[in-house]
Amino acid sequence: MTDSSLPLIDVAPLVAGTPERARVAAQIGDACRAHGFFYVTGHGVDAALVQRLEDLSHQFFDLPEETKMQWRMALGGRAWRGFFPRGGELTSGRPDWKEGLYLGTELPADHPLVQAKTPVHGPNLFPDVPDFRETILAYMDAVTQLGHRLMEGIALSLGLPASYFAERYTADPLILFRLFNYPTQAVPEGLDVQWGVGEHTDYGLLTILHQDTVGGLAVHTPGGWIDAPPVPGAFVCNIGDMLDRMTGGLYKSTPHRVKRNTSGRDRLSFPLFFDPNFEARVQRIEGLAGADALDDSAERWDRANVHAFSGRYGDYLLAKVSKVFPQLRDEVL
Ligand SMILES: O=C(O)CCC(=O)C(=O)O
Ligand SMILES: [Fe+2]
């Protein structure tokens with residue numbers, strides 16, 4: 001256990017594909033039914049790679065804002081990539097007190113999906129910090145591989161074949177990745193900021209998050225808000241709206257938020273969103289016991305009923321993202 005009540009799961013057998021992975025899958029299943037949040041260790045992602053990404057991210061965020069604005073999101077166009085400044089992203093209409101770099105699977109300009117102007121697909125806007133590009137790409141690759149293994153565990157935990165999600169949704173997953181910096185600096189007078197990130201659920205299947213040692217993430221469990229403090233060497237995983245939708249609410253996408261950082265040190269966090277392919281049509285999994293697909297919109301942060309959604313994952317995502325970055329909506333939609 002950790003010093004919060006979220007479970008810590010050693011996923012080494014799942015990563016290695018040994019028979020003990022059934023036991024790991026059962027632990028993941030318990031966590032998804034109880035909280036939708038868990039920590040993973042034994043994940044095989046190189047600690048030195050994670051440390052290198054932290055060091056380079058500090059180098060980047062320590063640059064003057066006008067330098068970082070050379071890589072601003074407006075220049076990323078439909079690919080939805082690049083830097084956004086403090087207060088530049090909204091949750092439920094209010095600015096969050098964080099800055100970030102939006103990234104995703106690196107696709108060249110002549111890739112068919114980019115040629116077809118598919119939103120959120122394209123080349124990244126890599127800042128001019130030595131080794132940053134290579135480190136980001138290596139990290140996204142390693143954590144995406146982990147995402148495939150964790151989805152196998154989630155499938156097994158539902159009594160499905162390990163390849164269930166890969167066959168339907170994630171052979172070519174949509175990977176969005178963000179580097180966030182939560183500045184410890186005070187919020188300027190007159191800006192209506194309450195949180196580092198306001199309460200929300202994630203949109204897709206599974207989020208795999210590295211956070212540094214500062215802390216601030218909290219999870220809204222059925223029993224109330226609990227902290228998800230940093231656990232050295234562990235990733236925090238949580239399930240998103242599409243898994244809630246597919247499982248008929250058996251695995252809930254759990255609301256979470258990040259406190260404003262007043263620690264005296266900037267806080268870094270790196271969420272990687274492992275999501276269905278943009279074109280995938282999201283369907284309910286047949287025959288799951290206990291899945292009642294209850295409309296819980298009255299209690300949800302966004303008052304939405306995820307079970308009423310049908311269509312392409314990409315459409316769900318775009319509808320959400322345009323609320324977060326209203327200024328980019330016209331560019332992309
Ligand atoms: O920074 C964190 O700890 C969480 C960020 C988050 O919830 C998100 O980006 O969806
Ligand atoms: Fe989140």
# chains A, B, ... in the order shown; residues from 1 in each chain; ligands from 1
$ residues_around --residues "Leu243 (chain A)" --least-positions-apart "6" --cutoff "8 Å" --atoms "only C-alpha atoms" --output "ChimeraX atom specification"
/A:204-206,251-253
$ residues_near_ligand --ligand "ligand 1" --cutoff "9 Å" --atoms "only C-alpha atoms and all ligand atoms" --output "PyMOL selection string"
chain A and resi 98+177-182+196-203+207+209-211+215-218+228+236+255-258+267-273
$ closest_residue --among "A:Ile226, A:Met242, A:Ala22, A:Leu107" --to "Pro161 (chain A)" --atoms "only C-alpha atoms"
A:Ala22
$ atom_distance --atom1 "CA of Phe37 (chain A)" --atom2 "CA of Asn124 (chain A)"
29.1 Å
$ closest_residue --among "A:Pro13, A:Gly36, A:Gly88, A:Pro173" --to "ligand 2" --atoms "only C-alpha atoms and all ligand atoms"
A:Gly36
$ closest_residue --among "A:Cys237, A:Phe165, A:Gly249, A:Ser263" --to "ligand 2" --atoms "only C-alpha atoms and all ligand atoms"
A:Cys237
$ select_by_dssp --residues "region 44-212 of chain A" --states "strand (DSSP E)" --output "PyMOL selection string"
chain A and resi 82-84+90-91+94-95+99-104+174-182+197-200+206-211
$ closest_residue --among "A:Met69, A:Ala16, A:Val193, A:Ala166" --to "Asn261 (chain A)" --atoms "only C-alpha atoms"
A:Val193
$ closest_residue --among "A:His43, A:His121, A:His111, A:Arg33" --to "Leu150 (chain A)" --atoms "only C-alpha atoms"
A:His43
$ atom_distance --atom1 "CA of Gln59 (chain A)" --atom2 "CA of Arg81 (chain A)"
19.1 Å
$ residues_around --residues "Gln283 (chain A)" --least-positions-apart "5" --cutoff "8 Å" --atoms "only C-alpha atoms" --output "MDAnalysis selection string"
chainID A and resid 245:246 310
$ write_last_selection --atoms "N, CA, C and O atoms" --output "compact mmCIF listing (two decimals), in the first residue's frame"
# COMPACT_ATOMS: atom_id res chain seq x y z
N ARG A 245 -17.72 4.04 -20.57
CA ARG A 245 -18.75 3.80 -21.59
C ARG A 245 -18.77 2.34 -22.02
O ARG A 245 -19.83 1.70 -22.11
N MET A 246 -17.58 1.79 -22.32
CA MET A 246 -17.52 0.41 -22.83
C MET A 246 -17.97 -0.60 -21.78
O MET A 246 -18.57 -1.62 -22.11
N SER A 310 -22.47 7.82 -28.75
CA SER A 310 -22.08 6.81 -29.74
C SER A 310 -21.46 7.56 -30.92
O SER A 310 -21.80 8.71 -31.19
$ closest_residue --among "A:Glu189, A:Glu279, A:Glu167, A:Asp244" --to "Ala293 (chain A)" --atoms "only C-alpha atoms"
A:Asp244
$ residues_around --residues "Trp195 (chain A)" --least-positions-apart "6" --cutoff "6 Å" --atoms "only C-alpha atoms" --output "ChimeraX atom specification"
/A:96,259-260
$ select_by_dssp --residues "region 146-275 of chain A" --states "helix (DSSP H, G or I)" --output "number ranges by chain"
A: 146-157, 164-170, 241-246
$ residues_around --residues "Glu299 (chain A)" --least-positions-apart "2" --cutoff "12 Å" --atoms "only C-alpha atoms" --output "ChimeraX atom specification"
/A:200,220,222,254-255,294-297,301-305
$ atom_distance --atom1 "CA of Leu125 (chain A)" --atom2 "CA of Leu113 (chain A)"
17.5 Å
$ residues_around --residues "Asn277 (chain A)" --least-positions-apart "3" --cutoff "7 Å" --atoms "only C-alpha atoms" --output "PDB file with all heavy atoms, in the first residue's frame"
ATOM      1  N   TYR A 169      -9.718  -1.377 -30.854  1.00  0.00           N
ATOM      2  CA  TYR A 169      -9.532   0.066 -30.636  1.00  0.00           C
ATOM      3  C   TYR A 169      -8.087   0.566 -30.672  1.00  0.00           C
ATOM      4  O   TYR A 169      -7.848   1.729 -30.974  1.00  0.00           O
ATOM      5  CB  TYR A 169     -10.102   0.460 -29.259  1.00  0.00           C
ATOM      6  CG  TYR A 169     -11.559   0.149 -29.110  1.00  0.00           C
ATOM      7  CD1 TYR A 169     -11.999  -0.905 -28.307  1.00  0.00           C
ATOM      8  CD2 TYR A 169     -12.517   0.905 -29.786  1.00  0.00           C
ATOM      9  CE1 TYR A 169     -13.351  -1.201 -28.167  1.00  0.00           C
ATOM     10  CE2 TYR A 169     -13.873   0.625 -29.651  1.00  0.00           C
ATOM     11  CZ  TYR A 169     -14.285  -0.429 -28.849  1.00  0.00           C
ATOM     12  OH  TYR A 169     -15.610  -0.705 -28.724  1.00  0.00           O
ATOM     13  N   THR A 170      -7.162  -0.253 -30.239  1.00  0.00           N
ATOM     14  CA  THR A 170      -5.832   0.313 -29.916  1.00  0.00           C
ATOM     15  C   THR A 170      -4.677  -0.335 -30.670  1.00  0.00           C
ATOM     16  O   THR A 170      -3.534  -0.227 -30.230  1.00  0.00           O
ATOM     17  CB  THR A 170      -5.558   0.228 -28.388  1.00  0.00           C
ATOM     18  OG1 THR A 170      -5.614  -1.152 -27.993  1.00  0.00           O
ATOM     19  CG2 THR A 170      -6.566   1.037 -27.599  1.00  0.00           C
ATOM     20  N   ASP A 172      -3.652   0.791 -33.286  1.00  0.00           N
ATOM     21  CA  ASP A 172      -2.963   2.059 -33.546  1.00  0.00           C
ATOM     22  C   ASP A 172      -3.619   3.096 -32.617  1.00  0.00           C
ATOM     23  O   ASP A 172      -4.515   3.828 -33.022  1.00  0.00           O
ATOM     24  CB  ASP A 172      -3.154   2.423 -35.027  1.00  0.00           C
ATOM     25  CG  ASP A 172      -2.454   3.719 -35.385  1.00  0.00           C
ATOM     26  OD1 ASP A 172      -1.571   4.161 -34.612  1.00  0.00           O
ATOM     27  OD2 ASP A 172      -2.805   4.286 -36.437  1.00  0.00           O
ATOM     28  N   PRO A 173      -3.181   3.129 -31.354  1.00  0.00           N
ATOM     29  CA  PRO A 173      -3.887   3.984 -30.383  1.00  0.00           C
ATOM     30  C   PRO A 173      -3.671   5.458 -30.692  1.00  0.00           C
ATOM     31  O   PRO A 173      -2.682   5.826 -31.326  1.00  0.00           O
ATOM     32  CB  PRO A 173      -3.220   3.605 -29.050  1.00  0.00           C
ATOM     33  CG  PRO A 173      -1.849   3.152 -29.415  1.00  0.00           C
ATOM     34  CD  PRO A 173      -1.988   2.497 -30.772  1.00  0.00           C
ATOM     35  N   LEU A 174      -4.601   6.283 -30.241  1.00  0.00           N
ATOM     36  CA  LEU A 174      -4.357   7.722 -30.281  1.00  0.00           C
ATOM     37  C   LEU A 174      -3.579   8.062 -29.004  1.00  0.00           C
ATOM     38  O   LEU A 174      -4.069   7.834 -27.897  1.00  0.00           O
ATOM     39  CB  LEU A 174      -5.688   8.476 -30.305  1.00  0.00           C
ATOM     40  CG  LEU A 174      -5.552   9.996 -30.343  1.00  0.00           C
ATOM     41  CD1 LEU A 174      -4.864  10.455 -31.613  1.00  0.00           C
ATOM     42  CD2 LEU A 174      -6.917  10.658 -30.241  1.00  0.00           C
ATOM     43  N   ALA A 280     -12.186   5.005 -34.356  1.00  0.00           N
ATOM     44  CA  ALA A 280     -12.860   3.830 -33.756  1.00  0.00           C
ATOM     45  C   ALA A 280     -14.234   4.215 -33.233  1.00  0.00           C
ATOM     46  O   ALA A 280     -14.404   5.267 -32.607  1.00  0.00           O
ATOM     47  CB  ALA A 280     -11.999   3.269 -32.628  1.00  0.00           C
TER      48      ALA A 280
END
$ residues_around --residues "Asp131 (chain A)" --least-positions-apart "3" --cutoff "10 Å" --atoms "only C-alpha atoms" --output "count of residues only"
8
$ decode --residues "region 34-76 of chain A" --atoms "C-alpha atoms" --output "mmCIF file, in the first residue's frame"
data_model
loop_
_atom_site.group_PDB
_atom_site.id
_atom_site.type_symbol
_atom_site.label_atom_id
_atom_site.label_comp_id
_atom_site.auth_asym_id
_atom_site.auth_seq_id
_atom_site.Cartn_x
_atom_site.Cartn_y
_atom_site.Cartn_z
ATOM 1 C CA ALA A 34 -13.218 0.507 -6.438
ATOM 2 C CA HIS A 35 -11.549 3.756 -7.586
ATOM 3 C CA GLY A 36 -10.515 3.711 -11.213
ATOM 4 C CA PHE A 37 -7.078 4.824 -9.920
ATOM 5 C CA PHE A 38 -3.990 2.752 -9.088
ATOM 6 C CA TYR A 39 -0.213 3.000 -8.998
ATOM 7 C CA VAL A 40 1.978 0.659 -11.015
ATOM 8 C CA THR A 41 5.523 -0.498 -10.276
ATOM 9 C CA GLY A 42 7.537 -3.166 -12.080
ATOM 10 C CA HIS A 43 6.528 -1.404 -15.308
ATOM 11 C CA GLY A 44 9.922 -1.638 -16.984
ATOM 12 C CA VAL A 45 10.186 2.047 -17.978
ATOM 13 C CA ASP A 46 13.780 3.145 -17.422
ATOM 14 C CA ALA A 47 14.102 5.434 -14.377
ATOM 15 C CA ALA A 48 17.015 7.274 -16.026
ATOM 16 C CA LEU A 49 14.804 8.135 -19.020
ATOM 17 C CA VAL A 50 12.136 9.565 -16.716
ATOM 18 C CA GLN A 51 14.758 11.584 -14.841
ATOM 19 C CA ARG A 52 16.193 12.917 -18.099
ATOM 20 C CA LEU A 53 12.737 14.053 -19.177
ATOM 21 C CA GLU A 54 12.251 15.832 -15.849
ATOM 22 C CA ASP A 55 15.603 17.612 -16.139
ATOM 23 C CA LEU A 56 14.962 18.729 -19.717
ATOM 24 C CA SER A 57 11.411 19.821 -18.894
ATOM 25 C CA HIS A 58 12.727 22.052 -16.105
ATOM 26 C CA GLN A 59 15.217 23.515 -18.585
ATOM 27 C CA PHE A 60 12.371 24.235 -20.995
ATOM 28 C CA PHE A 61 9.893 25.694 -18.503
ATOM 29 C CA ASP A 62 12.627 27.847 -16.955
ATOM 30 C CA LEU A 63 12.987 29.713 -20.276
ATOM 31 C CA PRO A 64 11.372 33.172 -20.482
ATOM 32 C CA GLU A 65 7.750 33.053 -21.551
ATOM 33 C CA GLU A 66 8.410 34.942 -24.792
ATOM 34 C CA THR A 67 10.977 32.290 -25.757
ATOM 35 C CA LYS A 68 8.539 29.461 -25.044
ATOM 36 C CA MET A 69 5.873 31.259 -27.096
ATOM 37 C CA GLN A 70 8.007 30.538 -30.193
ATOM 38 C CA TRP A 71 6.462 27.066 -29.946
ATOM 39 C CA ARG A 72 2.921 28.194 -29.063
ATOM 40 C CA MET A 73 -0.069 25.997 -29.857
ATOM 41 C CA ALA A 74 -1.453 28.411 -32.426
ATOM 42 C CA LEU A 75 1.489 27.351 -34.630
ATOM 43 C CA GLY A 76 0.624 23.654 -34.204
#
